[in-house]
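Here's the structure, in structure tokens; my notes come after.
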Amino acid sequence: MKNNLNLETIQNLEIFNPLSSLQKEEILRKSSLIKVARNRKVYLEDVEFRSVYIVVEGAVKLGLNASNGKTLIKHIAYAQDLFGENIFAHHQVRNEFAEVMKDAVLISVPIHTFKQIVGSNFQFAQSITKIIIERLHNIEQRMQSFVFLKAKRRIVEFIKKTASFKGINIGIDEILINHGMSHKEIAFLTDTSRQTVARVLGELKKENIIHFSARKPSKILIRDMIALG
């Protein structure tokens, strides 16, 4: 479903801060605001590059389907985040899929428009390069964690990392995170199993380090960040 994109929406997104007024107007003229429901695909693997996407609301997971039937989640894009930026790779088709985890509102920017602005705005190009480098670094960290850290530690690090950029302070010491993921999706991100995620979260809850309800397991209240490790 497409809606009209307006200049206020563009101005409220930090990623567009380096752009001039004329460049923001260009984004406004050429781009679309789209709504995508939970569990629907934004794009599939092996399809031609057409757009770059910025998340206005919701969450989108980016992943790969392996030949053995397993799925690797590369990144989760939340509000103010960018995805589909790998248009600068040498290949002409997507090497990942993008699936909505939480009903999303997205800005779809045609690749020609996006590349043109990147090429004409050094500060914007720097910010896009930084995003790409950070994502490569995150994948490298996950590889190192898989080799050097035990499963429980990887799940704990996931909770801490999510708290650092999505956490809401509750009272003095507690932090609430709404990661919006199932145990299976956390398992994909931490390179563990769904059963291991459920067991570790249950142990942390029993120790009163975290709390979550059976009705809303995607919301975790961190009671003691120090005890979390």
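To be explicit about the labels: the chains of the structure tokens are called A, B, and onward in the order shown, and within each one the residues are counted from 1, while ligands get numbers from 1 in the order they are shown.
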
For the structure I just gave you, how does DSSP split segment 27-219 of chain A - specifically, which residues are strand (DSSP E)? Reply as a tab-separated table (two decimals) with N, CA and C atoms, in the first residue's frame.
chain	number	residue	atom	x	y	z
A	32	SER	N	8.70	7.01	-2.66
A	32	SER	CA	7.35	6.63	-2.24
A	32	SER	C	7.35	6.26	-0.77
A	33	LEU	N	6.24	6.53	-0.11
A	33	LEU	CA	6.02	6.06	1.27
A	33	LEU	C	5.12	4.83	1.17
A	34	ILE	N	5.61	3.71	1.68
A	34	ILE	CA	4.85	2.46	1.56
A	34	ILE	C	4.62	1.84	2.93
A	35	LYS	N	3.51	1.14	3.06
A	35	LYS	CA	3.20	0.39	4.28
A	35	LYS	C	3.28	-1.10	3.95
A	36	VAL	N	4.00	-1.84	4.79
A	36	VAL	CA	4.15	-3.28	4.58
A	36	VAL	C	3.79	-4.00	5.87
A	41	LYS	N	7.24	-9.79	2.67
A	41	LYS	CA	8.57	-9.49	2.14
A	41	LYS	C	8.58	-8.12	1.47
A	42	VAL	N	9.65	-7.35	1.73
A	42	VAL	CA	9.88	-6.10	1.01
A	42	VAL	C	10.54	-6.43	-0.32
A	43	TYR	N	11.51	-7.35	-0.28
A	43	TYR	CA	12.10	-7.90	-1.50
A	43	TYR	C	12.66	-9.28	-1.20
A	51	SER	N	15.38	-0.25	-5.39
A	51	SER	CA	15.23	0.83	-4.41
A	51	SER	C	16.12	0.59	-3.20
A	52	VAL	N	16.36	1.67	-2.50
A	52	VAL	CA	16.94	1.65	-1.16
A	52	VAL	C	15.82	2.08	-0.22
A	53	TYR	N	15.81	1.54	1.00
A	53	TYR	CA	14.68	1.77	1.90
A	53	TYR	C	15.14	2.40	3.21
A	54	ILE	N	14.33	3.31	3.73
A	54	ILE	CA	14.55	3.89	5.06
A	54	ILE	C	13.31	3.58	5.89
A	55	VAL	N	13.54	3.08	7.11
A	55	VAL	CA	12.44	2.71	8.00
A	55	VAL	C	11.94	3.96	8.74
A	56	VAL	N	10.67	4.26	8.56
A	56	VAL	CA	10.02	5.34	9.30
A	56	VAL	C	9.42	4.78	10.59
A	57	GLU	N	8.75	3.65	10.47
A	57	GLU	CA	8.17	2.95	11.62
A	57	GLU	C	8.32	1.45	11.41
A	58	GLY	N	8.35	0.70	12.53
A	58	GLY	CA	8.37	-0.75	12.44
A	58	GLY	C	9.77	-1.35	12.46
A	59	ALA	N	9.88	-2.59	12.00
A	59	ALA	CA	11.16	-3.29	12.00
A	59	ALA	C	11.20	-4.27	10.84
A	60	VAL	N	12.39	-4.39	10.23
A	60	VAL	CA	12.58	-5.25	9.06
A	60	VAL	C	13.84	-6.08	9.27
A	61	LYS	N	13.72	-7.39	9.05
A	61	LYS	CA	14.90	-8.25	9.18
A	61	LYS	C	15.46	-8.57	7.79
A	62	LEU	N	16.79	-8.57	7.71
A	62	LEU	CA	17.50	-8.90	6.48
A	62	LEU	C	18.20	-10.23	6.68
A	63	GLY	N	18.02	-11.14	5.74
A	63	GLY	CA	18.60	-12.47	5.94
A	63	GLY	C	18.95	-13.19	4.66
A	64	LEU	N	19.59	-14.33	4.85
A	64	LEU	CA	19.98	-15.21	3.75
A	64	LEU	C	19.42	-16.59	3.99
A	65	ASN	N	19.00	-17.25	2.93
A	65	ASN	CA	18.56	-18.64	3.01
A	65	ASN	C	19.68	-19.54	2.53
A	71	THR	N	18.40	-20.36	7.94
A	71	THR	CA	18.36	-18.93	7.62
A	71	THR	C	19.34	-18.18	8.50
A	72	LEU	N	20.07	-17.27	7.89
A	72	LEU	CA	20.98	-16.40	8.63
A	72	LEU	C	20.41	-14.99	8.62
A	73	ILE	N	20.15	-14.44	9.80
A	73	ILE	CA	19.69	-13.06	9.91
A	73	ILE	C	20.92	-12.15	9.99
A	74	LYS	N	21.08	-11.28	9.01
A	74	LYS	CA	22.23	-10.40	8.94
A	74	LYS	C	22.06	-9.14	9.78
A	75	HIS	N	20.86	-8.60	9.76
A	75	HIS	CA	20.65	-7.30	10.41
A	75	HIS	C	19.16	-7.10	10.62
A	76	ILE	N	18.82	-6.31	11.64
A	76	ILE	CA	17.43	-5.89	11.85
A	76	ILE	C	17.39	-4.37	11.80
A	77	ALA	N	16.60	-3.84	10.88
A	77	ALA	CA	16.50	-2.40	10.69
A	77	ALA	C	15.27	-1.87	11.42
A	82	LEU	N	18.47	2.35	7.65
A	82	LEU	CA	18.53	2.18	6.20
A	82	LEU	C	18.75	0.71	5.89
A	83	PHE	N	18.16	0.21	4.82
A	83	PHE	CA	18.52	-1.13	4.35
A	83	PHE	C	18.39	-1.20	2.83
A	97	PHE	N	17.20	-11.33	1.57
A	97	PHE	CA	15.78	-10.98	1.55
A	97	PHE	C	15.51	-9.97	2.66
A	98	ALA	N	14.42	-9.24	2.54
A	98	ALA	CA	13.99	-8.29	3.58
A	98	ALA	C	12.55	-8.61	3.93
A	99	GLU	N	12.31	-8.93	5.21
A	99	GLU	CA	10.98	-9.32	5.67
A	99	GLU	C	10.58	-8.48	6.87
A	100	VAL	N	9.35	-7.99	6.86
A	100	VAL	CA	8.87	-7.13	7.93
A	100	VAL	C	8.57	-7.95	9.18
A	101	MET	N	9.13	-7.53	10.30
A	101	MET	CA	8.90	-8.19	11.59
A	101	MET	C	7.77	-7.52	12.35
A	102	LYS	N	7.65	-6.21	12.17
A	102	LYS	CA	6.63	-5.42	12.85
A	102	LYS	C	6.10	-4.43	11.83
A	103	ASP	N	4.77	-4.38	11.66
A	103	ASP	CA	4.16	-3.53	10.62
A	103	ASP	C	5.00	-2.29	10.37
A	104	ALA	N	5.38	-2.08	9.12
A	104	ALA	CA	6.38	-1.06	8.81
A	104	ALA	C	5.87	0.00	7.85
A	105	VAL	N	6.38	1.21	8.06
A	105	VAL	CA	6.22	2.31	7.10
A	105	VAL	C	7.62	2.61	6.58
A	106	LEU	N	7.78	2.56	5.27
A	106	LEU	CA	9.10	2.68	4.65
A	106	LEU	C	9.10	3.76	3.58
A	107	ILE	N	10.25	4.40	3.40
A	107	ILE	CA	10.46	5.25	2.25
A	107	ILE	C	11.26	4.45	1.24
A	108	SER	N	10.73	4.32	0.04
A	108	SER	CA	11.39	3.61	-1.04
A	108	SER	C	12.02	4.63	-1.99
A	109	VAL	N	13.37	4.65	-2.02
A	109	VAL	CA	14.10	5.62	-2.85
A	109	VAL	C	14.69	4.88	-4.06
A	110	PRO	N	14.34	5.27	-5.28
A	110	PRO	CA	14.90	4.61	-6.46
A	110	PRO	C	16.43	4.63	-6.43
A	168	ILE	N	14.56	1.46	27.04
A	168	ILE	CA	13.88	2.60	27.68
A	168	ILE	C	14.08	2.47	29.19
A	169	ASN	N	14.63	3.49	29.80
A	169	ASN	CA	14.86	3.47	31.24
A	169	ASN	C	13.54	3.49	32.00
A	170	ILE	N	13.40	2.53	32.91
A	170	ILE	CA	12.21	2.43	33.76
A	170	ILE	C	12.67	2.60	35.21
A	174	GLU	N	16.12	-0.13	36.06
A	174	GLU	CA	15.57	-1.10	35.12
A	174	GLU	C	15.50	-0.53	33.70
A	175	ILE	N	15.65	-1.43	32.71
A	175	ILE	CA	15.60	-1.04	31.31
A	175	ILE	C	14.64	-1.97	30.58
A	176	LEU	N	13.73	-1.38	29.82
A	176	LEU	CA	12.76	-2.15	29.06
A	176	LEU	C	13.16	-2.16	27.59
A	177	ILE	N	13.19	-3.36	26.99
A	177	ILE	CA	13.45	-3.47	25.55
A	177	ILE	C	12.30	-4.22	24.90
A	178	ASN	N	11.91	-3.72	23.74
A	178	ASN	CA	10.87	-4.38	22.94
A	178	ASN	C	11.52	-4.78	21.63
A	210	ILE	N	16.22	-10.66	34.59
A	210	ILE	CA	15.30	-10.09	33.62
A	210	ILE	C	13.88	-10.55	33.96
A	211	HIS	N	12.91	-9.91	33.31
A	211	HIS	CA	11.52	-10.37	33.47
A	211	HIS	C	10.80	-10.20	32.14
A	219	LYS	N	8.92	-8.46	24.84
A	219	LYS	CA	9.29	-7.35	25.71
A	219	LYS	C	10.06	-7.91	26.90

Write out as a PyMOL selection string the residues lying within 10 Å of segment 189-205 of chain A, counting only C-alpha atoms and excluding same-chain residues fewer than 5 positions away. chain A and resi 63+71-76+142-143+145-146+150-159+182-184+210-213+217+220-223+227-228

Enumerate, in order of chain and increasing residue number, the residues of segment 112-172 of chain A with an atom no farther than 8 Å from segment 19-28 of chain A, each with its shortest atom pair and distance in Å to one decimal, counting only C-alpha atoms, as CSV.
residue,atom,partner,partner_atom,distance
A:Thr113,CA,A:Ile27,CA,7.3
A:Ile117,CA,A:Gln23,CA,7.1
A:Asn121,CA,A:Leu19,CA,7.2
A:Phe124,CA,A:Leu19,CA,6.8

Members of segment 71-203 of chain A assigned helix (DSSP H, G or I) by DSSP, as a VMD selection string: chain A and resid 86 to 88 111 to 120 122 to 148 151 to 166 183 to 190 194 to 203

So which one's closest to Lys30 of chain A, A:Ile111, A:Ala214, A:Ala89, A:Ile15? Using only C-alpha atoms, please. A:Ile111
